[in-house]
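Step one of this worksheet: look at the structure below.
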Amino acid sequence: MSFTQMGSNFVPLTSRDATPGARYARHLNAAGAALPSETVLGTVIEHLRLEARIGGYEAAEAARERSERVYELAARLIGAEAEDIALTESATVAWHRAIDAMPLRPGDRILAAASSYVSSALHLFELRRSRGIEVEVLPCAADGTVDLSFLAEALRRPAALVTVAHVPTSSALIEPVAEIAALAGAARVPLLLDATQSLGQLPLDVAGIDLVVGTGRKFLRGPRGTGLLYVSPRMRERLHPPHPDVRGATWQSGDAVELAAGARRFETWENAHALRLGLGAALQETLTLGVDTIGRYTAGLAGRLRAALGEMPGVRLTDPPAGGGAIVTFVRDDEKPAETVRRLRAAGVHLVAVPAHHGRWDLERRGLDAVVRASVHVYNDDSDVDALVTALGRRSAPAFVSSAARTDVIVVGAGVHGSSTAWQLAQRGASVVQLDRFPDGHTEGSSHGHIRMIRRAYPNPIWDDLVDRAYLAWAELSAAAGERLLITTGGLYARPAVSTTPGLRGPGCIPVDAARAAEIFPGLRLGDEFGAIYDPAAGVLDAAAAMRSLRELGLAHGVDRRTGCRVEGWSADGEGVTVRTADGLLRADRLVITAGPWTGALVPELADLLRVVRIVNIHIGASDPAAVSAPALGPFSVEVPGVGLLYGLPAFDGSAVKIGLDHGPADDPERPQTPVTAAEAATLLGLARRFLPAANGDVVDSVACRYTMAPRNRFAVGALAGTPQVLVAAACSGHGFKFGPAIGAGLADLALGKQRPDLDFLSPGELG
């Protein structure tokens with residue numbers, strides 16, 4: 001495996017590219033639920049589809065060897081044997097099965113570290129109530145770890161169990177596991193280690209440890225709903241599962257029951273086979289990369305973050321001296337942690353707040369009501385650290401702008417047009433409040449998804465100037481973002497050769513027959529009944545990176561971005577515009593409405609002209625990915641008689657080939673978006689089999705979105721008649737994303753009083 005140096009750290013070249021979620025946000029929450037790789041995601045989906053095709057039992061039988069391999073991989077991770085491993089639904093389930101199997105009696109002492117997780121503490125409290133055990137919380141040394149001298153003294157008296165979290169949920173503390181195990185072993189007291197926050201980021205050898213619980217969803221990057229329990233051979237002799245199941249026991253005869261020889265006696269028959277296979281894929285990736293390698297990289301990146309936060313005024317690091325690894329906790333003195341997290345998430349930086357009631361033995365002892373927790377993994381890099389530090393240093397404006405304190409422009413909507421407009425206005429010095437009814441990353445509108453098409457080919461020359469501006473605007477945005485957002489591949493746009501209506505044309509575009517089209521894109525199969533236009537300038541837009549970049553650029557230039565804020569209406573007067581939101585009133589000189597499918601509700605004069613439709617896309621796997629990637633395939637469309645316009649994009653940046661139909665049924669934007677149905681996917685899959693011979697795999701992903709259609713597939717861009725202080729960009733009719741930065745620049749010009757006669761053909765007054 002190859003590596004690239006980043007500062008003083010090393011990271012696998014493929015980790016970020018092979019992590020789909022890394023395209024959409026700065027994810028620094030590996031200690032909560034890390035982002036899975038494309039391989040893990042594909043493994044889960046593949047098995048679910050197999051179950052759907054042949055049945056759950058049959059699929060389990062087909063995957064038997066791979067399922068058995070999961071035990072071996074888990075054992076290798078911690079230095080155990082496969083028979084020592086039980087697979088569970090979570091670390092908490094593993095904890096319960098281990099503790100409940102112990103022969104605890106009234107008065108038995110359990111010594112628990114202050115690092116113990118809330119769910120463990122809650123279970124211990126219940127056992128104290130129901131079974132009369134005694135729970136003793138071990139004090140901490142000056143560095144925050146278990147006071148080893150106190151533990152040694154406490155073990156002079158009989159004890160039933162010592163339990164400690166390797167790394168707690170509330171800080172970056174790393175407990176001295178080997179020393180604790182030695183003390184417990186010398187006293188012949190079992191040690192239960194909660195490795196939930198350490199598996200995958202810190203090396204662990206179970207020598208001297210009796211019980212280990214862990215989860216798959218954190219640093220192992222496995223699916224949620226997976227966990228493991230390690231039980232040493234010595235400990236298995238002392239434990240008896242209180243709820244034996246057919247998975248872990250055999251009914252011999254009469255009431256005679258024989259428990260399974262290994263740790264599987266703690267399992268149940270029913271489990272999510274797809275998730276366990278996904279866990280196996282995650283374990284294999286972790287072992288291939290190496291926990292030592294992961295630990296060095298994440299500790300280095302977290303150390304860089306820790307150093308940067310330590311230099312920020314008003315920011316206080318809260319990790320104890322024995323902290324380290326991939327986790328950093330902190331607070332901002334003038335802001336509650338939950339508010340810090342909300343504000344950072346609006347900026348596209350995802351982390352969490354840990355409240356005191358998730359770790360009272362730790363946080364309450366240190367006088368902390370809550371902390372902000374950031375946690376990195378191999379798909380993070382220095383740019384994520386920089387984004388967090390930059391966003392943390394900004395403070396949002398007050399919740400409301402009074403009539404006396406107004407802003408220059410309010411932008412409604414945070415899709416590609418709204419975010420482009422807000423950025424353009426802010427970098428020109430305007431004060432901007434941007435509102436969106438949904439949180440960042442939502443899938444209700446029209447700007448989500450990984451990739452989009454861009455092309456010069458258009459049916460009418462009136463679009464040519466705006467197309468030129470779009471290409472220039474994407475180059476400007478790419479330069480500002482420091483990221484390549486447009487990849488030129490060329491594109492083919494086919495229609496029946498006998499068609500009499502005008503088709504696409506454009507600067508540099510040339511007509512080709514089916515034979516020449518096959519030479520250009522061997523991955524696209526057109527019959528002789530089709531002709532095509534070849535557009536050498538067509539390409540693929542990295543839509544997810546573009547949306548992330550627009551959000552971050554807007555925030556960096558001072559945009560007051562307020563997500564989860566629903567606009568209920570607006571009114572204009574000679575002095576400006578008042579916007580009514582669910583949170584109060586806002587005042588501005590100008591209002592820009594880029595509300596996508598919700599435009600009709602905010603601009604009644606356009607409502608009768610706009611039609612919202614449901615559009616679905618699927619991504620299809622291929623036995624030979626190169627055959628559906630550039631240069632073998634680029635963006636394309638085919639006018640299929642009796643079906644409609646099929647469009648597609650090549651496999652790109654870890655995603656499979658994408659196709660969809662450019663029409664759909666009416667949709668209600670007030671109702672939540674629903675997943676792509678099996679029937680919708682089957683229709684598209686049938687078309688793929690006809691036109692994309694190499695796309696011979698299953699559907700590996702699907703996405704639904706909404707088009708806002710207008711007469712003649714036009715846009716509406718400009719000022720509303722009678723209210724020149726209110727501008728709109730709407731009804732982009734399924735081809736608006738490619739113009740996003742150019743339309744944003746145009747709206748910014750108009751909002752700041754600059755004339756744009758080139759946009760007159762898109763005037764809202766011309767829509768009907």
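Residue numbering restarts at 1 for every chain of the structure tokens, chains are lettered A, B, ... in their displayed order, and ligands are numbered from 1 as they appear.
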
**OP:** For stretch 712-723 of chain A, list every protein, DNA or RNA residue within 6 Å, evaluated using only C-alpha atoms, and leave out those in the same chain fewer than 3 positions away; present the list as a PyMOL selection string.
**Re:** chain A and resi 726-733+762-764

Contacts of A:Gly227 within 12 Å, only C-alpha atoms, excl. fewer than 3 positions in-chain, as a short mmCIF file (atom, residue, chain, number, x, y, z; two decimals) with all heavy atoms, in the first residue's frame:
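Below is the file that was written, selection-v6.cif:
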```cif
data_model
loop_
_atom_site.label_atom_id
_atom_site.label_comp_id
_atom_site.auth_asym_id
_atom_site.auth_seq_id
_atom_site.Cartn_x
_atom_site.Cartn_y
_atom_site.Cartn_z
N VAL A 70 -14.92 -13.47 9.84
CA VAL A 70 -15.04 -12.30 10.70
C VAL A 70 -14.49 -12.60 12.09
O VAL A 70 -13.81 -11.76 12.70
CB VAL A 70 -16.50 -11.83 10.78
CG1 VAL A 70 -16.62 -10.60 11.68
CG2 VAL A 70 -17.04 -11.51 9.38
N TYR A 71 -14.75 -13.81 12.61
CA TYR A 71 -14.23 -14.18 13.93
C TYR A 71 -12.70 -14.20 13.93
O TYR A 71 -12.06 -13.74 14.88
CB TYR A 71 -14.78 -15.54 14.34
CG TYR A 71 -16.27 -15.57 14.55
CD1 TYR A 71 -17.13 -15.88 13.50
CD2 TYR A 71 -16.82 -15.29 15.79
CE1 TYR A 71 -18.50 -15.90 13.68
CE2 TYR A 71 -18.19 -15.32 15.99
CZ TYR A 71 -19.03 -15.62 14.93
OH TYR A 71 -20.39 -15.63 15.12
N ALA A 74 -11.40 -10.54 13.86
CA ALA A 74 -11.57 -9.88 15.16
C ALA A 74 -10.54 -10.40 16.16
O ALA A 74 -9.97 -9.64 16.95
CB ALA A 74 -12.98 -10.09 15.68
N ILE A 85 -14.16 -15.26 20.52
CA ILE A 85 -14.91 -14.10 20.05
C ILE A 85 -16.39 -14.44 19.88
O ILE A 85 -16.74 -15.45 19.28
CB ILE A 85 -14.37 -13.59 18.69
CG1 ILE A 85 -12.89 -13.22 18.82
CG2 ILE A 85 -15.19 -12.42 18.20
CD1 ILE A 85 -12.60 -12.05 19.74
N ALA A 86 -17.24 -13.58 20.42
CA ALA A 86 -18.67 -13.60 20.12
C ALA A 86 -19.00 -12.30 19.42
O ALA A 86 -18.51 -11.23 19.80
CB ALA A 86 -19.49 -13.73 21.41
N LEU A 87 -19.82 -12.37 18.39
CA LEU A 87 -20.26 -11.17 17.68
C LEU A 87 -21.63 -10.76 18.22
O LEU A 87 -22.52 -11.59 18.39
CB LEU A 87 -20.34 -11.44 16.18
CG LEU A 87 -19.00 -11.80 15.52
CD1 LEU A 87 -19.20 -12.07 14.04
CD2 LEU A 87 -17.96 -10.69 15.72
N THR A 88 -21.77 -9.49 18.48
CA THR A 88 -23.00 -8.96 19.10
C THR A 88 -23.50 -7.77 18.30
O THR A 88 -22.89 -7.36 17.31
CB THR A 88 -22.73 -8.53 20.55
OG1 THR A 88 -21.76 -7.47 20.55
CG2 THR A 88 -22.21 -9.69 21.38
N GLU A 89 -24.60 -7.21 18.77
CA GLU A 89 -25.20 -6.06 18.08
C GLU A 89 -24.56 -4.74 18.49
O GLU A 89 -24.74 -3.73 17.81
CB GLU A 89 -26.70 -6.00 18.37
CG GLU A 89 -27.50 -7.17 17.82
CD GLU A 89 -27.36 -8.44 18.63
OE1 GLU A 89 -26.94 -8.36 19.81
OE2 GLU A 89 -27.67 -9.52 18.11
N SER A 90 -23.85 -4.72 19.61
CA SER A 90 -23.23 -3.49 20.08
C SER A 90 -22.30 -3.82 21.24
O SER A 90 -22.33 -4.94 21.78
CB SER A 90 -24.28 -2.47 20.55
OG SER A 90 -24.92 -2.92 21.74
N ALA A 91 -21.51 -2.86 21.66
CA ALA A 91 -20.67 -3.04 22.83
C ALA A 91 -21.52 -3.18 24.09
O ALA A 91 -21.18 -3.94 25.01
CB ALA A 91 -19.70 -1.87 22.97
N THR A 92 -22.63 -2.44 24.15
CA THR A 92 -23.50 -2.52 25.33
C THR A 92 -24.13 -3.90 25.45
O THR A 92 -24.23 -4.46 26.55
CB THR A 92 -24.59 -1.44 25.26
OG1 THR A 92 -23.96 -0.15 25.28
CG2 THR A 92 -25.54 -1.55 26.43
N VAL A 93 -24.56 -4.48 24.33
CA VAL A 93 -25.10 -5.84 24.36
C VAL A 93 -24.02 -6.81 24.83
O VAL A 93 -24.27 -7.71 25.65
CB VAL A 93 -25.64 -6.24 22.98
CG1 VAL A 93 -25.96 -7.73 22.93
CG2 VAL A 93 -26.89 -5.43 22.65
N ALA A 94 -22.80 -6.63 24.34
CA ALA A 94 -21.69 -7.49 24.78
C ALA A 94 -21.47 -7.35 26.28
O ALA A 94 -21.26 -8.34 26.99
CB ALA A 94 -20.43 -7.14 24.01
N TRP A 95 -21.48 -6.12 26.77
CA TRP A 95 -21.32 -5.87 28.21
C TRP A 95 -22.39 -6.60 29.01
O TRP A 95 -22.09 -7.28 29.99
CB TRP A 95 -21.36 -4.36 28.44
CG TRP A 95 -21.57 -3.94 29.87
CD1 TRP A 95 -22.76 -3.94 30.57
CD2 TRP A 95 -20.58 -3.49 30.80
NE1 TRP A 95 -22.58 -3.50 31.85
CE2 TRP A 95 -21.24 -3.22 32.03
CE3 TRP A 95 -19.22 -3.26 30.72
CZ2 TRP A 95 -20.58 -2.74 33.15
CZ3 TRP A 95 -18.55 -2.78 31.83
CH2 TRP A 95 -19.23 -2.54 33.03
N ASP A 194 -13.57 -2.12 28.49
CA ASP A 194 -14.42 -1.51 27.46
C ASP A 194 -13.50 -0.85 26.45
O ASP A 194 -12.93 0.21 26.69
CB ASP A 194 -15.35 -0.48 28.11
CG ASP A 194 -16.28 0.18 27.10
OD1 ASP A 194 -16.10 -0.04 25.89
OD2 ASP A 194 -17.16 0.95 27.53
N ALA A 195 -13.36 -1.51 25.29
CA ALA A 195 -12.47 -1.01 24.23
C ALA A 195 -13.24 -0.31 23.12
O ALA A 195 -12.74 -0.20 21.99
CB ALA A 195 -11.66 -2.17 23.66
N THR A 196 -14.44 0.16 23.46
CA THR A 196 -15.30 0.77 22.45
C THR A 196 -14.62 1.91 21.72
O THR A 196 -14.74 2.04 20.50
CB THR A 196 -16.59 1.28 23.13
OG1 THR A 196 -17.27 0.18 23.71
CG2 THR A 196 -17.51 1.95 22.13
N LEU A 199 -10.63 0.31 19.93
CA LEU A 199 -10.44 -0.67 18.86
C LEU A 199 -10.32 0.04 17.51
O LEU A 199 -11.21 0.77 17.10
CB LEU A 199 -11.61 -1.65 18.81
CG LEU A 199 -11.70 -2.70 19.92
CD1 LEU A 199 -12.91 -3.60 19.68
CD2 LEU A 199 -10.43 -3.52 20.02
N VAL A 212 -13.44 -8.39 27.05
CA VAL A 212 -13.33 -7.15 26.27
C VAL A 212 -14.63 -6.96 25.51
O VAL A 212 -15.14 -7.92 24.89
CB VAL A 212 -12.15 -7.20 25.28
CG1 VAL A 212 -12.13 -5.92 24.43
CG2 VAL A 212 -10.83 -7.36 26.01
N VAL A 213 -15.15 -5.75 25.54
CA VAL A 213 -16.32 -5.40 24.71
C VAL A 213 -15.91 -4.28 23.77
O VAL A 213 -15.07 -3.44 24.11
CB VAL A 213 -17.53 -4.98 25.57
CG1 VAL A 213 -17.94 -6.10 26.52
CG2 VAL A 213 -17.26 -3.70 26.35
N GLY A 214 -16.50 -4.29 22.59
CA GLY A 214 -16.18 -3.25 21.60
C GLY A 214 -17.28 -3.13 20.58
O GLY A 214 -18.19 -3.97 20.51
N THR A 215 -17.19 -2.09 19.79
CA THR A 215 -18.19 -1.82 18.76
C THR A 215 -17.52 -1.74 17.40
O THR A 215 -16.31 -1.49 17.30
CB THR A 215 -18.92 -0.49 19.05
OG1 THR A 215 -19.97 -0.31 18.10
CG2 THR A 215 -17.99 0.70 18.96
N GLY A 216 -18.31 -1.93 16.35
CA GLY A 216 -17.77 -1.82 15.00
C GLY A 216 -17.86 -0.43 14.41
O GLY A 216 -17.15 -0.11 13.46
N ARG A 217 -18.72 0.42 14.96
CA ARG A 217 -19.07 1.67 14.28
C ARG A 217 -18.10 2.81 14.50
O ARG A 217 -18.19 3.84 13.83
CB ARG A 217 -20.46 2.13 14.72
CG ARG A 217 -20.54 2.51 16.20
CD ARG A 217 -21.96 2.95 16.57
NE ARG A 217 -22.21 2.89 17.99
CZ ARG A 217 -22.02 3.89 18.82
NH1 ARG A 217 -21.57 5.04 18.36
NH2 ARG A 217 -22.30 3.76 20.10
N LYS A 218 -17.17 2.67 15.42
CA LYS A 218 -16.28 3.78 15.72
C LYS A 218 -14.99 3.67 14.91
O LYS A 218 -15.03 3.76 13.69
CB LYS A 218 -16.05 3.85 17.23
CG LYS A 218 -17.34 4.16 18.02
CD LYS A 218 -17.08 4.20 19.52
CE LYS A 218 -18.38 4.44 20.31
NZ LYS A 218 -18.76 5.86 20.31
N LEU A 220 -13.16 1.28 14.05
CA LEU A 220 -13.05 0.18 13.09
C LEU A 220 -13.71 0.52 11.76
O LEU A 220 -13.52 -0.18 10.76
CB LEU A 220 -13.68 -1.09 13.67
CG LEU A 220 -12.90 -1.76 14.81
CD1 LEU A 220 -13.67 -2.97 15.33
CD2 LEU A 220 -11.51 -2.18 14.34
N ARG A 221 -14.58 1.54 11.74
CA ARG A 221 -15.26 2.00 10.52
C ARG A 221 -16.22 0.94 9.97
O ARG A 221 -16.45 0.86 8.77
CB ARG A 221 -14.25 2.41 9.44
CG ARG A 221 -13.30 3.52 9.85
CD ARG A 221 -12.35 3.89 8.74
NE ARG A 221 -13.08 4.44 7.63
CZ ARG A 221 -12.57 4.59 6.40
NH1 ARG A 221 -11.34 4.19 6.14
NH2 ARG A 221 -13.29 5.13 5.45
N GLY A 222 -16.76 0.14 10.88
CA GLY A 222 -17.75 -0.85 10.47
C GLY A 222 -19.15 -0.28 10.55
O GLY A 222 -19.37 0.87 10.94
N PRO A 223 -20.16 -1.08 10.20
CA PRO A 223 -21.54 -0.61 10.25
C PRO A 223 -22.03 -0.44 11.68
O PRO A 223 -21.54 -1.10 12.61
CB PRO A 223 -22.32 -1.73 9.54
CG PRO A 223 -21.31 -2.57 8.86
CD PRO A 223 -20.05 -2.43 9.65
N ARG A 224 -23.00 0.43 11.86
CA ARG A 224 -23.71 0.50 13.12
C ARG A 224 -24.47 -0.81 13.32
O ARG A 224 -24.85 -1.47 12.36
CB ARG A 224 -24.67 1.68 13.16
CG ARG A 224 -23.99 3.04 13.03
CD ARG A 224 -24.91 4.17 13.42
NE ARG A 224 -25.16 4.17 14.86
CZ ARG A 224 -25.85 5.11 15.50
NH1 ARG A 224 -26.37 6.12 14.82
NH2 ARG A 224 -26.02 5.05 16.81
N TYR A 230 -15.05 -10.41 23.72
CA TYR A 230 -13.97 -11.37 23.92
C TYR A 230 -14.12 -11.96 25.31
O TYR A 230 -14.29 -11.23 26.30
CB TYR A 230 -12.60 -10.70 23.79
CG TYR A 230 -11.48 -11.50 24.45
CD1 TYR A 230 -10.92 -12.59 23.80
CD2 TYR A 230 -11.02 -11.16 25.72
CE1 TYR A 230 -9.91 -13.34 24.41
CE2 TYR A 230 -10.01 -11.90 26.33
CZ TYR A 230 -9.46 -12.98 25.68
OH TYR A 230 -8.48 -13.72 26.28
N GLU A 267 -23.97 -15.74 21.93
CA GLU A 267 -24.64 -15.18 20.76
C GLU A 267 -26.09 -15.65 20.68
O GLU A 267 -26.50 -16.61 21.35
CB GLU A 267 -23.90 -15.58 19.48
CG GLU A 267 -22.53 -14.96 19.33
CD GLU A 267 -21.91 -15.24 17.98
OE1 GLU A 267 -22.57 -15.89 17.12
OE2 GLU A 267 -20.78 -14.80 17.76
N ASN A 271 -29.38 -12.43 13.68
CA ASN A 271 -28.44 -11.31 13.59
C ASN A 271 -28.48 -10.75 12.18
O ASN A 271 -29.02 -11.37 11.26
CB ASN A 271 -27.03 -11.75 13.97
CG ASN A 271 -26.44 -12.76 12.98
OD1 ASN A 271 -25.99 -12.38 11.91
ND2 ASN A 271 -26.46 -14.04 13.35
N ALA A 272 -27.90 -9.60 12.02
CA ALA A 272 -27.85 -8.94 10.71
C ALA A 272 -26.61 -9.42 9.97
O ALA A 272 -25.50 -8.91 10.19
CB ALA A 272 -27.85 -7.43 10.88
N LEU A 275 -24.61 -6.79 8.05
CA LEU A 275 -23.80 -5.90 8.88
C LEU A 275 -22.54 -6.61 9.37
O LEU A 275 -21.46 -6.02 9.43
CB LEU A 275 -24.62 -5.41 10.06
CG LEU A 275 -25.86 -4.57 9.73
CD1 LEU A 275 -26.52 -4.06 11.00
CD2 LEU A 275 -25.50 -3.39 8.82
N ARG A 276 -22.67 -7.89 9.72
CA ARG A 276 -21.49 -8.62 10.18
C ARG A 276 -20.47 -8.80 9.06
O ARG A 276 -19.26 -8.73 9.30
CB ARG A 276 -21.90 -9.97 10.76
CG ARG A 276 -22.63 -9.80 12.09
CD ARG A 276 -22.78 -11.10 12.83
NE ARG A 276 -23.40 -10.88 14.14
CZ ARG A 276 -23.69 -11.83 15.01
NH1 ARG A 276 -23.44 -13.10 14.70
NH2 ARG A 276 -24.23 -11.54 16.17
N GLY A 278 -20.11 -6.65 6.69
CA GLY A 278 -19.52 -5.32 6.61
C GLY A 278 -18.47 -5.11 7.68
O GLY A 278 -17.42 -4.49 7.44
N LEU A 279 -18.73 -5.61 8.89
CA LEU A 279 -17.73 -5.54 9.95
C LEU A 279 -16.47 -6.30 9.54
O LEU A 279 -15.34 -5.83 9.78
CB LEU A 279 -18.30 -6.11 11.25
CG LEU A 279 -17.32 -6.23 12.42
CD1 LEU A 279 -16.81 -4.86 12.84
CD2 LEU A 279 -17.98 -6.94 13.60
N GLY A 280 -16.65 -7.45 8.91
CA GLY A 280 -15.50 -8.20 8.45
C GLY A 280 -14.67 -7.42 7.45
O GLY A 280 -13.43 -7.42 7.50
N LEU A 283 -12.77 -4.81 9.41
CA LEU A 283 -11.66 -5.41 10.14
C LEU A 283 -10.50 -5.72 9.20
O LEU A 283 -9.33 -5.48 9.53
CB LEU A 283 -12.12 -6.69 10.83
CG LEU A 283 -12.99 -6.52 12.08
CD1 LEU A 283 -13.68 -7.84 12.43
CD2 LEU A 283 -12.15 -6.03 13.26
#
```

Subject >> Test item, strand (DSSP E or B) assignment across stretch 15-225 of chain A, answer as an NGL selection string >> reply: :A and (26-27 or 29 or 85-88 or 109-113 or 134-138 or 140 or 146 or 161-165 or 173 or 191-194 or 211-215)

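Take the candidates A:Ile133, A:Ala112, A:Leu767, A:Ala710 and check each one against A:Arg611 using only C-alpha atoms; the shortest distance goes to A:Ala710.
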
Subject >> Test item: residues at most 7 Å from A:Ala414, only C-alpha atoms, excluding those fewer than 3 positions along its chain, as a list of chain:residue names >> reply: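 Residues meeting the cut-off are A:Gly418, A:Ser419, A:Leu435, A:Asp436.
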
Put those residues in a file: all heavy atoms, as a PDB file, in the first residue's frame.
```pdb
ATOM      1  N   GLY A 418     -28.308  29.496  -4.325  1.00  0.00           N
ATOM      2  CA  GLY A 418     -28.284  30.333  -3.141  1.00  0.00           C
ATOM      3  C   GLY A 418     -26.896  30.453  -2.553  1.00  0.00           C
ATOM      4  O   GLY A 418     -26.453  31.554  -2.169  1.00  0.00           O
ATOM      5  N   SER A 419     -26.163  29.337  -2.465  1.00  0.00           N
ATOM      6  CA  SER A 419     -24.824  29.376  -1.885  1.00  0.00           C
ATOM      7  C   SER A 419     -23.851  30.124  -2.785  1.00  0.00           C
ATOM      8  O   SER A 419     -22.950  30.823  -2.300  1.00  0.00           O
ATOM      9  CB  SER A 419     -24.328  27.956  -1.624  1.00  0.00           C
ATOM     10  OG  SER A 419     -25.119  27.330  -0.627  1.00  0.00           O
ATOM     11  N   LEU A 435     -30.544  31.846   4.599  1.00  0.00           N
ATOM     12  CA  LEU A 435     -31.511  31.037   5.331  1.00  0.00           C
ATOM     13  C   LEU A 435     -31.844  29.774   4.537  1.00  0.00           C
ATOM     14  O   LEU A 435     -31.981  29.829   3.310  1.00  0.00           O
ATOM     15  CB  LEU A 435     -32.803  31.826   5.576  1.00  0.00           C
ATOM     16  CG  LEU A 435     -32.662  33.211   6.201  1.00  0.00           C
ATOM     17  CD1 LEU A 435     -34.020  33.913   6.224  1.00  0.00           C
ATOM     18  CD2 LEU A 435     -32.088  33.111   7.602  1.00  0.00           C
ATOM     19  N   ASP A 436     -31.974  28.666   5.246  1.00  0.00           N
ATOM     20  CA  ASP A 436     -32.446  27.437   4.607  1.00  0.00           C
ATOM     21  C   ASP A 436     -33.299  26.672   5.601  1.00  0.00           C
ATOM     22  O   ASP A 436     -32.954  26.579   6.786  1.00  0.00           O
ATOM     23  CB  ASP A 436     -31.278  26.567   4.136  1.00  0.00           C
ATOM     24  CG  ASP A 436     -31.737  25.508   3.142  1.00  0.00           C
ATOM     25  OD1 ASP A 436     -32.221  24.457   3.577  1.00  0.00           O
ATOM     26  OD2 ASP A 436     -31.615  25.751   1.932  1.00  0.00           O
TER      27      ASP A 436
END
```

Subject >> stretch 234-241 of chain A environment, 8 Å, only C-alpha atoms, sequence neighbours closer than 4 positions dropped, as a list in words >> reply: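 Result of the neighbour search: Arg97, Ala98, Asp100, Ala101, Met102, Pro103, Pro190, Asp210, Leu211, Gly262, Ala263, Arg265 and Phe266 of chain A.
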
Subject >> Using only C-alpha atoms: which of A:Ala160, A:Leu173, A:Val559, A:Ile615 has the shortest distance to A:Ala322 >> reply: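 Of A:Ala160, A:Leu173, A:Val559, A:Ile615, the one nearest A:Ala322, counting only C-alpha atoms, is A:Leu173.
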
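Ranking A:Gly506, A:Leu151, A:Trp598, A:Gly429 by their shortest atom-to-atom distance to A:Asp464, with only C-alpha atoms included, puts A:Gly506 first.
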
**OP:** Tell me which protein, DNA and RNA residues are within 8 Å of stretch 570-573 of chain A, counting only C-alpha atoms, leaving out same-chain ones fewer than 4 positions away, and put them as a list in words.
**Re:**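 Answer for this query is Val577, Thr578, Val579, Arg580, Leu602, Thr723, Gln725 and Val726 of chain A.
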
Same residues, N, CA and C atoms, saved as a tab-separated table (two decimals), in the first residue's frame:
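Written file, part-v7.tsv:
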```
chain	number	residue	atom	x	y	z
A	577	VAL	N	-36.93	45.09	2.47
A	577	VAL	CA	-37.71	43.86	2.55
A	577	VAL	C	-37.70	43.36	3.99
A	578	THR	N	-38.86	42.87	4.43
A	578	THR	CA	-38.97	42.20	5.72
A	578	THR	C	-39.27	40.73	5.46
A	579	VAL	N	-38.49	39.87	6.07
A	579	VAL	CA	-38.66	38.43	5.91
A	579	VAL	C	-39.15	37.85	7.23
A	580	ARG	N	-40.24	37.09	7.15
A	580	ARG	CA	-40.79	36.43	8.34
A	580	ARG	C	-40.29	34.99	8.39
A	602	LEU	N	-43.28	30.81	-2.00
A	602	LEU	CA	-42.76	32.12	-1.60
A	602	LEU	C	-42.99	33.20	-2.65
A	723	THR	N	-41.49	44.65	-7.71
A	723	THR	CA	-40.67	44.65	-6.48
A	723	THR	C	-39.21	44.42	-6.88
A	725	GLN	N	-36.56	45.13	-5.53
A	725	GLN	CA	-35.63	44.75	-4.47
A	725	GLN	C	-35.69	43.26	-4.15
A	726	VAL	N	-36.55	42.52	-4.85
A	726	VAL	CA	-36.67	41.08	-4.65
A	726	VAL	C	-36.26	40.37	-5.95
```

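Interatomic distance, atom CA of A:Leu289 against atom CA of A:Thr226: 20.8 Å.
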
Original post:
Do you know which residues are at most 9 Å from stretch 474-488 of chain A counting only C-alpha atoms, after dropping those on the same chain fewer than 3 positions away, and could you put them as a PyMOL selection string?
Top reply: chain A and resi 454+469-471+491+536-543+545-546+549-550+552-553+634+738-742

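Remark: for A:Ser629, the closest of the candidate residues A:Pro675, A:Pro665, A:Gly596, A:Gly523 is A:Gly523 (distances computed over only C-alpha atoms).
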
**OP:** For stretch 39-50 of chain A, work out the shell of residues within 10 Å, counting only C-alpha atoms and skipping chain neighbours fewer than 3 positions away, then give it as a ChimeraX atom specification.
**Re:** /A:18-20,35-36,53-56,58-60,62-63,221-223,272-285,621,698-701

**OP:** Apply DSSP to the backbone of this structure and, from stretch 482-584 of chain A, keep only the residues in alpha helix (DSSP H); write these as a PyMOL selection string.
**Re:** chain A and resi 514-520+543-556

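Taking atom CA of A:Arg264 as the reference point, atom CA of A:Leu193 is found at 18.7 Å.
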
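Distances here use only C-alpha atoms; by that measure, the residue among A:Ala141, A:Ala307, A:Val328, A:Val612 closest to A:Met709 is A:Val612.
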
Original post:
Pick from A:Gly600, A:Arg406, A:Val416, A:Arg456: nearest to A:Glu575, with only C-alpha atoms counted?
Top reply: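 Once distances to A:Glu575 are computed over only C-alpha atoms, the minimum belongs to A:Arg406.
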